[in-house]
$ cat start-v3.tsv   # TSV, C-alpha atoms
chain	number	residue	atom	x	y	z
S	1	MET	CA	-33.97	-128.05	-178.56
S	2	SER	CA	-37.21	-127.51	-180.48
S	3	PRO	CA	-38.02	-123.96	-181.70
S	4	ARG	CA	-39.90	-121.90	-179.17
S	5	PRO	CA	-43.14	-120.08	-179.93
S	6	PRO	CA	-42.58	-116.40	-180.81
S	7	THR	CA	-43.73	-115.08	-177.43
S	8	LEU	CA	-41.15	-117.20	-175.60
S	9	ARG	CA	-38.21	-116.37	-177.88
S	10	GLU	CA	-35.45	-114.12	-176.63
S	11	ASN	CA	-35.21	-110.75	-178.30
S	12	ARG	CA	-32.15	-110.25	-180.46
S	13	ARG	CA	-30.34	-107.19	-181.71
S	14	TYR	CA	-28.21	-106.94	-184.82
S	15	ILE	CA	-25.07	-104.82	-185.17
S	16	LEU	CA	-23.86	-103.68	-188.57
S	17	ALA	CA	-20.11	-103.21	-188.87
S	18	ARG	CA	-18.00	-102.13	-191.83
S	19	VAL	CA	-14.86	-104.17	-192.45
S	20	GLU	CA	-11.68	-102.22	-193.09
S	21	PRO	CA	-9.50	-102.20	-195.10
S	22	ALA	CA	-11.97	-102.25	-197.96
S	23	GLY	CA	-11.79	-105.32	-200.14
S	24	THR	CA	-10.86	-107.68	-197.32
S	25	VAL	CA	-12.23	-111.14	-198.01
S	26	ILE	CA	-14.00	-112.35	-194.88
S	27	ASP	CA	-14.54	-115.95	-193.94
S	28	GLN	CA	-17.67	-115.85	-191.79
S	29	LYS	CA	-16.56	-118.71	-189.56
S	30	GLU	CA	-13.08	-117.28	-188.99
S	31	LEU	CA	-14.60	-113.92	-188.10
S	32	TYR	CA	-16.96	-115.63	-185.67
S	33	TYR	CA	-13.97	-117.21	-183.90
S	34	ALA	CA	-12.14	-113.86	-183.81
S	35	ILE	CA	-15.17	-112.12	-182.27
S	36	ALA	CA	-15.80	-114.98	-179.83
S	37	ASP	CA	-12.16	-114.78	-178.73
S	38	ALA	CA	-12.46	-111.01	-178.22
S	39	VAL	CA	-15.70	-111.33	-176.24
S	40	THR	CA	-14.39	-114.16	-174.07
S	41	SER	CA	-11.08	-112.51	-173.29
S	42	LEU	CA	-12.75	-109.21	-172.40
S	43	TRP	CA	-15.91	-110.27	-170.58
S	44	GLY	CA	-15.25	-113.92	-169.71
S	45	ASP	CA	-17.14	-117.08	-170.49
S	46	ALA	CA	-20.14	-116.24	-168.30
S	47	ALA	CA	-20.89	-112.94	-170.00
S	48	GLY	CA	-20.01	-114.44	-173.37
S	49	GLY	CA	-22.71	-117.04	-172.83
S	50	ILE	CA	-25.25	-114.32	-172.19
S	51	ILE	CA	-24.22	-112.15	-175.16
S	52	MET	CA	-24.54	-115.15	-177.51
S	53	GLN	CA	-22.81	-113.41	-180.41
S	54	ALA	CA	-23.03	-114.81	-183.92
S	55	VAL	CA	-21.95	-113.56	-187.33
S	56	VAL	CA	-25.16	-113.70	-189.30
S	57	THR	CA	-23.89	-112.46	-192.63
S	58	ALA	CA	-20.77	-111.06	-194.23
S	59	GLU	CA	-21.41	-109.31	-197.53
S	60	GLU	CA	-20.21	-106.29	-199.52
S	61	GLY	CA	-17.57	-105.26	-197.00
S	62	HIS	CA	-20.03	-105.32	-194.10
S	63	VAL	CA	-20.87	-107.87	-191.43
S	64	ILE	CA	-24.02	-108.24	-189.37
S	65	ILE	CA	-23.49	-109.61	-185.88
S	66	ARG	CA	-26.31	-110.87	-183.70
S	67	CYS	CA	-26.50	-110.61	-179.91
S	68	LEU	CA	-29.05	-110.73	-177.14
S	69	ARG	CA	-31.01	-107.50	-176.64
S	70	GLY	CA	-29.42	-105.41	-173.88
S	71	THR	CA	-25.89	-106.67	-174.52
S	72	GLU	CA	-25.14	-104.46	-177.55
S	73	ARG	CA	-22.83	-102.21	-175.55
S	74	GLU	CA	-20.69	-105.10	-174.32
S	75	LEU	CA	-20.52	-106.59	-177.80
S	76	ALA	CA	-19.62	-103.20	-179.32
S	77	ILE	CA	-16.72	-102.77	-176.88
S	78	ALA	CA	-15.51	-106.28	-177.63
S	79	LEU	CA	-15.77	-105.62	-181.38
S	80	SER	CA	-13.44	-102.65	-181.00
S	81	THR	CA	-10.77	-105.06	-179.69
S	82	VAL	CA	-10.92	-107.25	-182.81
S	83	THR	CA	-7.73	-106.55	-184.76
S	84	ALA	CA	-7.32	-109.60	-186.95
S	85	CYS	CA	-9.20	-112.47	-188.52
S	86	ARG	CA	-6.85	-115.42	-188.68
S	87	ASP	CA	-3.73	-113.75	-190.14
S	88	THR	CA	-5.48	-110.86	-191.86
S	89	ARG	CA	-5.35	-107.49	-190.12
S	90	LEU	CA	-8.70	-105.71	-190.05
S	91	ALA	CA	-10.85	-103.30	-188.10
S	92	LEU	CA	-14.59	-103.46	-187.54
S	93	ARG	CA	-16.23	-100.02	-187.64
S	94	ILE	CA	-19.68	-100.15	-186.10
S	95	VAL	CA	-22.24	-98.42	-188.30
S	96	ALA	CA	-25.59	-99.13	-186.67
S	97	ALA	CA	-27.58	-101.41	-184.39
S	98	SER	CA	-31.11	-102.54	-185.08
S	99	GLY	CA	-33.75	-105.05	-184.10
S	100	THR	CA	-34.16	-106.35	-187.64
S	101	MET	CA	-31.67	-107.41	-190.28
S	102	GLU	CA	-33.72	-105.84	-193.04
S	103	SER	CA	-33.15	-102.30	-191.75
S	104	LEU	CA	-29.42	-102.96	-191.59
S	105	ARG	CA	-29.45	-104.28	-195.16
S	106	GLU	CA	-31.16	-101.01	-196.10
S	107	ARG	CA	-28.28	-99.15	-194.39
S	108	ILE	CA	-25.78	-101.12	-196.47
S	109	ARG	CA	-27.66	-100.13	-199.64
S	110	VAL	CA	-27.69	-96.44	-198.57
S	111	GLN	CA	-23.98	-96.52	-197.74
S	112	LYS	CA	-23.23	-98.10	-201.09
S	113	GLU	CA	-25.15	-95.34	-202.91
S	114	GLN	CA	-23.33	-92.63	-200.93
S	115	ALA	CA	-19.89	-94.12	-201.61
S	116	PRO	CA	-17.62	-92.07	-203.90
S	117	GLY	CA	-18.20	-94.54	-206.74
S	118	GLU	CA	-16.51	-97.40	-208.44
S	119	PRO	CA	-12.80	-97.74	-207.80
S	120	VAL	CA	-10.93	-95.84	-210.47
S	121	PRO	CA	-7.34	-96.35	-211.51
S	122	GLY	CA	-5.14	-94.43	-209.14
S	123	PRO	CA	-2.46	-91.92	-209.96
S	124	ASP	CA	1.00	-93.13	-210.82
S	125	GLY	CA	3.68	-92.20	-208.37
S	126	SER	CA	5.99	-93.29	-205.63
S	127	LEU	CA	6.57	-92.46	-202.02
S	128	THR	CA	9.48	-90.42	-200.78
S	129	ASP	CA	11.89	-93.34	-200.57
S	130	LYS	CA	11.33	-94.08	-204.29
S	131	LYS	CA	10.41	-97.72	-203.77
S	132	GLU	CA	8.25	-99.32	-206.40
S	133	ILE	CA	4.56	-99.40	-205.51
S	134	LEU	CA	1.50	-101.12	-206.91
S	135	ILE	CA	-1.90	-99.51	-206.45
S	136	THR	CA	-4.44	-102.06	-205.26
S	137	ARG	CA	-7.46	-99.93	-204.39
S	138	CYS	CA	-8.45	-96.35	-204.91
S	139	ASN	CA	-11.57	-94.84	-203.37
S	140	GLY	CA	-11.89	-91.07	-203.46
S	141	GLN	CA	-8.82	-89.61	-201.78
S	142	LYS	CA	-7.89	-92.93	-200.20
S	143	VAL	CA	-5.40	-95.13	-202.00
S	144	ASP	CA	-4.14	-98.52	-200.83
S	145	VAL	CA	-0.82	-99.58	-202.31
S	146	ILE	CA	1.63	-102.43	-202.01
S	147	GLU	CA	5.22	-101.36	-201.60
S	148	LYS	CA	7.58	-103.85	-203.17
S	149	GLY	CA	10.67	-104.29	-201.08
S	150	PHE	CA	13.84	-106.27	-201.64
S	151	LYS	CA	12.58	-109.33	-199.78
S	152	ASN	CA	8.86	-108.86	-199.28
S	153	ALA	CA	5.95	-106.53	-199.96
S	154	HIS	CA	4.16	-104.25	-197.49
S	155	ARG	CA	0.67	-102.86	-197.71
S	156	LEU	CA	0.57	-99.08	-197.28
S	157	PHE	CA	-2.36	-96.71	-196.86
S	158	VAL	CA	-1.84	-93.35	-198.52
S	159	THR	CA	-3.80	-90.58	-200.22
S	160	ARG	CA	-3.76	-89.27	-203.77
S	161	SER	CA	-1.94	-86.17	-202.53
S	162	ASP	CA	0.89	-88.31	-201.14
S	163	LEU	CA	1.45	-89.88	-204.55
S	164	GLU	CA	1.08	-86.63	-206.48
S	165	ASN	CA	3.39	-84.64	-204.19
S	166	SER	CA	6.23	-87.14	-204.21
C	167	MET	CA	-12.25	-77.84	-177.55
C	168	LYS	CA	-10.50	-80.08	-180.05
C	169	ILE	CA	-10.96	-83.84	-179.95
C	170	THR	CA	-7.41	-85.15	-180.23
C	171	ASP	CA	-5.74	-88.53	-180.50
C	172	ALA	CA	-2.56	-87.95	-178.50
C	173	ALA	CA	-0.24	-90.31	-180.40
C	174	VAL	CA	-0.15	-91.83	-183.86
C	175	TYR	CA	2.92	-93.07	-185.74
C	176	PRO	CA	2.68	-92.30	-189.46
C	177	TYR	CA	4.80	-93.70	-192.29
C	178	PRO	CA	7.69	-94.65	-192.17
C	179	CYS	CA	7.15	-95.76	-188.51
C	180	GLY	CA	3.81	-97.23	-189.52
C	181	ASP	CA	2.05	-98.20	-192.73
C	182	THR	CA	-0.23	-95.14	-193.06
C	183	THR	CA	0.81	-91.69	-194.18
C	184	VAL	CA	0.00	-88.65	-192.08
C	185	ARG	CA	-2.51	-87.37	-194.67
C	186	ARG	CA	-4.35	-90.69	-194.64
C	187	PHE	CA	-4.31	-90.65	-190.84
C	188	ALA	CA	-5.87	-87.18	-190.94
C	189	LEU	CA	-8.52	-88.34	-193.41
C	190	GLU	CA	-9.44	-91.38	-191.34
C	191	ALA	CA	-9.31	-89.48	-188.05
C	192	LYS	CA	-11.77	-86.94	-189.42
C	193	ALA	CA	-14.15	-89.75	-190.40
C	194	LEU	CA	-13.89	-91.18	-186.89
C	195	GLY	CA	-14.74	-87.88	-185.18
C	196	PHE	CA	-11.37	-86.31	-184.39
C	197	ASP	CA	-10.38	-82.68	-184.96
C	198	SER	CA	-6.65	-83.14	-184.49
C	199	ILE	CA	-3.96	-85.76	-184.00
C	200	VAL	CA	-0.46	-85.78	-182.53
C	201	ALA	CA	1.80	-87.38	-185.13
C	202	MET	CA	5.16	-88.57	-183.85
C	203	ASP	CA	8.31	-87.41	-185.63
C	204	THR	CA	6.26	-85.64	-188.29
C	205	PRO	CA	6.12	-81.93	-189.11
C	206	ALA	CA	3.01	-80.08	-187.97
C	207	GLY	CA	0.35	-79.11	-190.48
C	208	SER	CA	-3.30	-79.20	-191.36
C	209	PHE	CA	-4.81	-81.76	-193.73
C	210	ASP	CA	-8.48	-81.96	-194.72
C	211	GLY	CA	-9.48	-79.79	-191.77
C	212	VAL	CA	-7.64	-81.95	-189.25
C	213	GLU	CA	-4.83	-80.26	-187.37
C	214	VAL	CA	-1.69	-82.34	-187.03
C	215	PHE	CA	0.53	-81.55	-184.06
C	216	SER	CA	4.13	-82.61	-184.22
C	217	GLY	CA	5.20	-84.86	-181.35
C	218	ILE	CA	8.29	-86.51	-179.98
C	219	THR	CA	8.64	-89.31	-177.46
C	220	ILE	CA	11.71	-89.52	-175.28
C	221	GLN	CA	12.41	-92.96	-173.87
C	222	ASP	CA	15.31	-94.80	-172.24
C	223	ALA	CA	17.07	-91.53	-171.49
C	224	LEU	CA	18.60	-90.05	-168.37
C	225	VAL	CA	17.05	-86.95	-166.85
C	226	LYS	CA	19.84	-84.71	-168.20
C	227	ASP	CA	19.28	-86.10	-171.71
C	228	VAL	CA	15.57	-85.41	-171.37
C	229	ILE	CA	16.35	-81.83	-170.33
C	230	SER	CA	18.63	-81.25	-173.30
C	231	ARG	CA	16.15	-82.72	-175.78
C	232	VAL	CA	13.29	-80.68	-174.33
C	233	LYS	CA	15.39	-77.50	-174.64
C	234	ARG	CA	15.94	-78.21	-178.34
C	235	VAL	CA	12.21	-78.31	-179.15
C	236	ARG	CA	10.96	-75.75	-176.65
C	237	ASP	CA	8.69	-73.06	-178.15
C	238	THR	CA	8.32	-74.97	-181.44
C	239	GLY	CA	4.82	-76.20	-180.69
C	240	THR	CA	6.00	-79.81	-180.48
C	241	VAL	CA	4.14	-82.04	-178.04
C	242	VAL	CA	6.87	-83.56	-175.85
C	243	SER	CA	6.21	-86.96	-174.28
C	244	VAL	CA	8.46	-88.87	-171.94
C	245	CYS	CA	8.13	-92.57	-171.16
C	246	ALA	CA	7.64	-93.23	-167.46
C	247	ARG	CA	10.25	-95.11	-165.45
C	248	ASP	CA	10.81	-95.25	-161.72
C	249	ASN	CA	9.30	-92.79	-159.28
C	250	GLY	CA	12.38	-90.55	-158.94
C	251	PHE	CA	12.73	-90.22	-162.71
C	252	ASN	CA	9.05	-89.39	-163.11
C	253	ARG	CA	9.17	-86.69	-160.43
C	254	ALA	CA	12.27	-85.15	-161.99
C	255	VAL	CA	10.75	-85.15	-165.47
C	256	ILE	CA	7.39	-83.77	-164.37
C	257	GLY	CA	9.22	-80.82	-162.80
C	258	GLN	CA	10.79	-79.91	-166.15
C	259	LYS	CA	9.24	-77.06	-168.08
C	260	GLY	CA	8.36	-78.15	-171.62
C	261	VAL	CA	7.37	-81.74	-170.85
C	262	HIS	CA	3.71	-82.21	-171.78
C	263	ILE	CA	2.84	-85.89	-171.40
C	264	ILE	CA	4.11	-88.87	-169.40
C	265	ARG	CA	3.48	-92.10	-171.31
C	266	GLY	CA	3.65	-95.80	-170.58
C	267	ILE	CA	2.62	-95.60	-166.94
C	268	HIS	CA	1.06	-99.07	-167.24
C	269	ALA	CA	4.48	-100.57	-168.04
C	270	ALA	CA	6.43	-98.65	-165.40
C	271	ASP	CA	7.27	-99.73	-161.85
C	272	LYS	CA	4.40	-100.44	-159.48
C	273	ASN	CA	5.32	-97.40	-157.38
C	274	ALA	CA	6.16	-95.18	-160.34
C	275	PHE	CA	3.11	-93.01	-159.85
C	276	ASP	CA	2.02	-92.02	-156.38
C	277	HIS	CA	0.16	-89.15	-154.72
C	278	VAL	CA	3.25	-86.90	-154.68
C	279	THR	CA	3.85	-87.40	-158.41
C	280	ALA	CA	0.15	-86.83	-159.03
C	281	LYS	CA	0.22	-83.52	-157.16
C	282	MET	CA	3.35	-82.45	-159.03
C	283	ALA	CA	1.69	-83.32	-162.35
C	284	ALA	CA	-1.35	-81.24	-161.41
C	285	ASP	CA	0.81	-78.28	-160.35
C	286	ASN	CA	2.91	-78.38	-163.53
C	287	GLY	CA	0.05	-79.19	-165.92
C	288	VAL	CA	1.69	-82.40	-167.13
C	289	ALA	CA	-0.69	-85.01	-168.51
C	290	MET	CA	-0.72	-88.74	-167.86
C	291	ASP	CA	-1.37	-90.74	-171.00
C	292	ILE	CA	-3.78	-93.64	-171.26
C	293	ASP	CA	-2.60	-95.99	-173.99
C	294	LEU	CA	-5.66	-97.53	-175.64
C	295	SER	CA	-3.58	-99.95	-177.70
C	296	VAL	CA	-2.92	-101.94	-174.53
C	297	LEU	CA	-6.65	-102.30	-173.93
C	298	ILE	CA	-7.24	-103.22	-177.57
C	299	ASN	CA	-4.34	-105.53	-178.39
C	300	SER	CA	-3.40	-107.16	-175.09
C	301	ARG	CA	-5.11	-110.20	-173.72
C	302	GLY	CA	-5.18	-111.83	-170.31
C	303	ALA	CA	-2.92	-110.76	-167.45
C	304	SER	CA	-1.21	-107.89	-169.25
C	305	ARG	CA	-4.55	-106.23	-170.04
C	306	GLN	CA	-5.79	-106.82	-166.51
C	307	ARG	CA	-2.64	-105.21	-165.13
C	308	ALA	CA	-3.06	-102.20	-167.42
C	309	ILE	CA	-6.73	-101.79	-166.44
C	310	HIS	CA	-5.76	-101.92	-162.77
C	311	ARG	CA	-2.99	-99.35	-163.26
C	312	TYR	CA	-5.24	-96.97	-165.18
C	313	HIS	CA	-7.86	-97.32	-162.43
C	314	ASP	CA	-5.20	-96.10	-159.98
C	315	VAL	CA	-4.25	-93.19	-162.22
C	316	LEU	CA	-7.88	-92.11	-162.47
C	317	VAL	CA	-8.29	-92.25	-158.70
C	318	PHE	CA	-5.42	-89.75	-158.41
C	319	GLU	CA	-6.82	-87.73	-161.30
C	320	ARG	CA	-10.13	-87.26	-159.49
C	321	ARG	CA	-8.30	-86.26	-156.31
C	322	TYR	CA	-5.63	-83.91	-157.74
C	323	GLY	CA	-7.03	-82.92	-161.14
C	324	PHE	CA	-4.02	-83.36	-163.41
C	325	PRO	CA	-4.74	-83.67	-167.15
C	326	VAL	CA	-5.22	-87.08	-168.76
C	327	THR	CA	-4.76	-87.74	-172.49
C	328	LEU	CA	-6.00	-90.64	-174.58
C	329	SER	CA	-3.89	-92.05	-177.37
C	330	SER	CA	-4.35	-94.95	-179.76
C	331	HIS	CA	-0.60	-95.33	-180.54
C	332	ALA	CA	-1.78	-96.30	-184.00
C	333	ARG	CA	0.81	-97.39	-186.53
C	334	SER	CA	-1.90	-98.10	-189.06
C	335	TYR	CA	-5.27	-96.44	-189.60
C	336	LEU	CA	-6.76	-99.82	-188.69
C	337	ASP	CA	-5.59	-99.17	-185.11
C	338	LEU	CA	-7.55	-95.92	-184.84
C	339	ARG	CA	-10.84	-96.08	-182.98
C	340	ALA	CA	-13.89	-93.84	-183.23
C	341	VAL	CA	-14.74	-91.52	-180.35
C	342	ARG	CA	-17.75	-93.69	-179.49
C	343	GLU	CA	-15.56	-96.80	-179.36
C	344	ILE	CA	-13.03	-94.99	-177.19
C	345	THR	CA	-15.84	-94.08	-174.80
C	346	GLY	CA	-16.71	-97.77	-174.56
C	347	LEU	CA	-13.12	-98.83	-174.02
C	348	CYS	CA	-12.60	-96.17	-171.34
C	349	SER	CA	-15.64	-97.44	-169.46
C	350	LEU	CA	-13.50	-100.53	-168.79
C	351	ILE	CA	-11.18	-98.40	-166.66
C	352	GLY	CA	-13.97	-96.53	-164.90
C	353	MET	CA	-13.92	-93.36	-166.98
C	354	ASP	CA	-17.33	-91.81	-167.66
C	355	ASP	CA	-18.41	-89.96	-170.82
C	356	ALA	CA	-17.57	-86.53	-169.38
C	357	GLY	CA	-14.13	-87.76	-168.39
C	358	VAL	CA	-13.48	-89.11	-171.90
C	359	GLU	CA	-14.56	-85.82	-173.45
C	360	LYS	CA	-12.26	-83.91	-171.11
C	361	ALA	CA	-9.36	-86.28	-171.81
C	362	LEU	CA	-9.78	-86.06	-175.59
C	363	GLY	CA	-9.57	-82.28	-175.32
C	364	ALA	CA	-6.59	-82.27	-172.98
C	365	VAL	CA	-3.86	-81.92	-175.63
C	366	GLY	CA	-5.15	-78.48	-176.58
C	367	ARG	CA	-5.07	-77.39	-172.95
C	368	ILE	CA	-1.57	-78.65	-172.09
C	369	THR	CA	0.04	-77.17	-175.20
C	370	THR	CA	-1.52	-73.75	-174.59
C	371	PRO	CA	0.74	-71.62	-172.38
C	372	PRO	CA	-0.87	-71.04	-168.97
C	373	GLN	CA	-2.47	-67.69	-168.26
C	374	PRO	CA	-0.39	-65.68	-165.77
C	375	ALA	CA	-1.81	-65.76	-162.26
C	376	VAL	CA	-1.32	-62.00	-161.91
C	377	ARG	CA	-2.15	-59.55	-164.68
C	378	VAL	CA	-0.76	-56.00	-164.49
C	379	VAL	CA	-3.37	-53.47	-165.46
C	380	SER	CA	-1.81	-50.10	-166.27
$ encode --input "start-v3.tsv" --output "structure tokens"
Amino acid sequence: MSPRPPTLRENRRYILARVEPAGTVIDQKELYYAIADAVTSLWGDAAGGIIMQAVVTAEEGHVIIRCLRGTERELAIALSTVTACRDTRLALRIVAASGTMESLRERIRVQKEQAPGEPVPGPDGSLTDKKEILITRCNGQKVDVIEKGFKNAHRLFVTRSDLENS
Amino acid sequence: MKITDAAVYPYPCGDTTVRRFALEAKALGFDSIVAMDTPAGSFDGVEVFSGITIQDALVKDVISRVKRVRDTGTVVSVCARDNGFNRAVIGQKGVHIIRGIHAADKNAFDHVTAKMAADNGVAMDIDLSVLINSRGASRQRAIHRYHDVLVFERRYGFPVTLSSHARSYLDLRAVREITGLCSLIGMDDAGVEKALGAVGRITTPPQPAVRVVS
């Protein structure tokens, strides 16, 4: 279909969502399929066709998702049911909705400036069961670790206090 | 009124420690959480209530376990089963929340049970993890069941709690997201606000109906 003139185009809205856990590598296409699955299973194909969701960009731990104006609420509810992207567990925390992508990019810049800073090496320590752990990410009080077990490794989410107290 | 998530499962049941849960819950707009099998405390301004869940137990076992934790401030939850069990449990002093009503028998919760719950101040729990994680028929069944519970709630006025049953902080949802999810089951914003504050009300001992003034 040829592009419509601006006055005949449908109005879009853009939703900015933060991807957690931090540092998750997002494949834009896989995330699109995860969101499409969530929208379809919650609202059905008919409503999904009206929402017309699309992952516009995935950068710096944030994603911008496009939808038709007036369907933001439905898309936001569906986004809260997204729990995984392929085999990677994640959560999408909605930060803002806007009519332009530029204002959302500005929000990303502001959030980045307000962040506690560059990840610093975390404290050494172990949890109460004395299993060996490897610190993968440290951001303020929040520390993500990998607990090495006998057979496999588990990702754990702790705080600095947990490591210091144990 | 404290905004409370009525059930989270910290490490070692889940992959997130109770302190991290408190930190994330604060960022998502909660004032307190009920952490299962975890001592009570306060972390980063978020109050952590201790909670236990009793499941697959006979009524006499429920009674004995409730007696053990009575007056300790622990939030006691019992998993729903058939109608007779639910009525017996709701009548017990010290039981705060009935959970898993979506997975119980079709007739597990009726108007008599609803009235008993209202009289005894026992809350019915709405498990948001079912709405988030399930797909297809199981989610539809849960939505239908919660619709029924809310019909009784409007008629009899028993408390309703909302819980994420999070085993990871990734399973927690912000208050705004919970409001959206609860709109799926016909709960309005005021209802969500009331339900999020219900844990504080059910754990507070009731005011005596008659006060002696000397």
$ atom_distance --input "start-v3.tsv" --atom1 "CA of Asp276 (chain C)" --atom2 "CA of Thr327 (chain C)"
18.0 Å
$ residues_around --input "start-v3.tsv" --residues "Val261 (chain C)" --least-positions-apart "3" --cutoff "7 Å" --atoms "all atoms listed in the file" --output "tab-separated table (two decimals) with C-alpha atoms, in the frame of the given file"
chain	number	residue	atom	x	y	z
C	232	VAL	CA	13.29	-80.68	-174.33
C	242	VAL	CA	6.87	-83.56	-175.85
C	243	SER	CA	6.21	-86.96	-174.28
C	256	ILE	CA	7.39	-83.77	-164.37
C	258	GLN	CA	10.79	-79.91	-166.15
C	288	VAL	CA	1.69	-82.40	-167.13
$ residues_around --input "start-v3.tsv" --residues "region 64-74 of chain S" --least-positions-apart "4" --cutoff "10 Å" --atoms "only C-alpha atoms" --output "PyMOL selection string"
(chain S and resi 10-18+32+35+39+42-43+47-59+78-79+94+96-101+104-105) or (chain C and resi 343+346-347)
$ interface_residues --input "start-v3.tsv" --of "chain S" --to "chain C" --cutoff "9 Å" --atoms "only C-alpha atoms" --output "number ranges by chain"
S: 20-21, 38, 41-42, 73-74, 76-78, 80-83, 89-94, 141-143, 154-159, 161-162
$ residues_near_point --input "start-v3.tsv" --point "(-13.2, -89.2, -168.6)" --cutoff "9 Å" --atoms "only C-alpha atoms" --output "PyMOL selection string"
chain C and resi 316+326+345+348-349+352-362
$ atom_distance --input "start-v3.tsv" --atom1 "CA of Arg253 (chain C)" --atom2 "CA of Val214 (chain C)"
29.1 Å
$ atom_distance --input "start-v3.tsv" --atom1 "CA of Arg367 (chain C)" --atom2 "CA of Met290 (chain C)"
13.2 Å
$ closest_residue --input "start-v3.tsv" --among "C:Gln221, C:Thr240, C:Thr170, C:Ser304" --to "Thr204 (chain C)" --atoms "only C-alpha atoms"
C:Thr240
$ residues_around --input "start-v3.tsv" --residues "Ala188 (chain C)" --least-positions-apart "3" --cutoff "7 Å" --atoms "all atoms listed in the file" --output "mmCIF file with C-alpha atoms, keeping the file's coordinate frame"
data_model
loop_
_atom_site.group_PDB
_atom_site.id
_atom_site.type_symbol
_atom_site.label_atom_id
_atom_site.label_comp_id
_atom_site.auth_asym_id
_atom_site.auth_seq_id
_atom_site.Cartn_x
_atom_site.Cartn_y
_atom_site.Cartn_z
ATOM 1 C CA VAL C 184 0.000 -88.650 -192.080
ATOM 2 C CA ARG C 185 -2.510 -87.370 -194.670
ATOM 3 C CA ALA C 191 -9.310 -89.480 -188.050
ATOM 4 C CA LYS C 192 -11.770 -86.940 -189.420
ATOM 5 C CA PHE C 209 -4.810 -81.760 -193.730
ATOM 6 C CA ASP C 210 -8.480 -81.960 -194.720
ATOM 7 C CA VAL C 212 -7.640 -81.950 -189.250
#
$ axis_aligned_box --input "start-v3.tsv" --around "region 197-206 of chain C" --padding-each-side "3 Å" --output "lines of an AutoDock Vina configuration file"
center_x = -1.0
center_y = -84.3
center_z = -185.8
size_x = 24.7
size_y = 14.5
size_z = 12.6
$ residues_around --input "start-v3.tsv" --residues "Val317 (chain C)" --least-positions-apart "2" --cutoff "12 Å" --atoms "all atoms listed in the file" --output "JSON, numbers by chain"
{"C": [275, 276, 277, 280, 310, 311, 312, 313, 314, 315, 319, 320, 321, 322, 323, 324, 326, 351, 352, 353]}
$ closest_residue --input "start-v3.tsv" --among "C:Val200, C:Lys272, C:Asp285, C:Gly211" --to "Ala364 (chain C)" --atoms "all atoms listed in the file"
C:Val200
$ residues_around --input "start-v3.tsv" --residues "Asp271 (chain C)" --least-positions-apart "3" --cutoff "7 Å" --atoms "all atoms listed in the file" --output "MDAnalysis selection string"
chainID C and resid 247:248 274
$ closest_residue --input "start-v3.tsv" --among "C:Ala270, C:Ala289, C:Val235, C:Met167" --to "Phe196 (chain C)" --atoms "all atoms listed in the file"
C:Met167
$ build_atoms --input "start-v3.tsv" --residues "region 14-25 of chain S" --atoms "N, CA and C atoms" --output "PDB file, keeping the file's coordinate frame"
ATOM      1  N   TYR S  14     -29.189-106.706-183.746  1.00  0.00           N
ATOM      2  CA  TYR S  14     -28.210-106.940-184.820  1.00  0.00           C
ATOM      3  C   TYR S  14     -27.324-105.699-184.944  1.00  0.00           C
ATOM      4  N   ILE S  15     -26.029-105.919-185.022  1.00  0.00           N
ATOM      5  CA  ILE S  15     -25.070-104.820-185.170  1.00  0.00           C
ATOM      6  C   ILE S  15     -24.446-104.892-186.552  1.00  0.00           C
ATOM      7  N   LEU S  16     -24.485-103.763-187.243  1.00  0.00           N
ATOM      8  CA  LEU S  16     -23.860-103.680-188.570  1.00  0.00           C
ATOM      9  C   LEU S  16     -22.481-103.072-188.423  1.00  0.00           C
ATOM     10  N   ALA S  17     -21.477-103.733-188.945  1.00  0.00           N
ATOM     11  CA  ALA S  17     -20.110-103.210-188.870  1.00  0.00           C
ATOM     12  C   ALA S  17     -19.475-103.243-190.260  1.00  0.00           C
ATOM     13  N   ARG S  18     -18.724-102.194-190.551  1.00  0.00           N
ATOM     14  CA  ARG S  18     -18.000-102.130-191.830  1.00  0.00           C
ATOM     15  C   ARG S  18     -16.612-102.731-191.619  1.00  0.00           C
ATOM     16  N   VAL S  19     -16.175-103.540-192.564  1.00  0.00           N
ATOM     17  CA  VAL S  19     -14.860-104.170-192.450  1.00  0.00           C
ATOM     18  C   VAL S  19     -13.835-103.316-193.175  1.00  0.00           C
ATOM     19  N   GLU S  20     -12.775-102.979-192.478  1.00  0.00           N
ATOM     20  CA  GLU S  20     -11.680-102.220-193.090  1.00  0.00           C
ATOM     21  C   GLU S  20     -10.398-103.021-192.932  1.00  0.00           C
ATOM     22  N   PRO S  21      -9.473-102.975-193.859  1.00  0.00           N
ATOM     23  CA  PRO S  21      -9.500-102.200-195.100  1.00  0.00           C
ATOM     24  C   PRO S  21     -10.498-102.755-196.104  1.00  0.00           C
ATOM     25  N   ALA S  22     -10.974-101.855-196.967  1.00  0.00           N
ATOM     26  CA  ALA S  22     -11.970-102.250-197.960  1.00  0.00           C
ATOM     27  C   ALA S  22     -11.380-103.331-198.866  1.00  0.00           C
ATOM     28  N   GLY S  23     -12.236-104.253-199.248  1.00  0.00           N
ATOM     29  CA  GLY S  23     -11.790-105.320-200.140  1.00  0.00           C
ATOM     30  C   GLY S  23     -11.276-106.547-199.419  1.00  0.00           C
ATOM     31  N   THR S  24     -11.309-106.515-198.085  1.00  0.00           N
ATOM     32  CA  THR S  24     -10.860-107.680-197.320  1.00  0.00           C
ATOM     33  C   THR S  24     -11.862-108.823-197.488  1.00  0.00           C
ATOM     34  N   VAL S  25     -11.357-109.973-197.857  1.00  0.00           N
ATOM     35  CA  VAL S  25     -12.230-111.140-198.010  1.00  0.00           C
ATOM     36  C   VAL S  25     -12.424-111.763-196.629  1.00  0.00           C
TER      37      VAL S  25
END
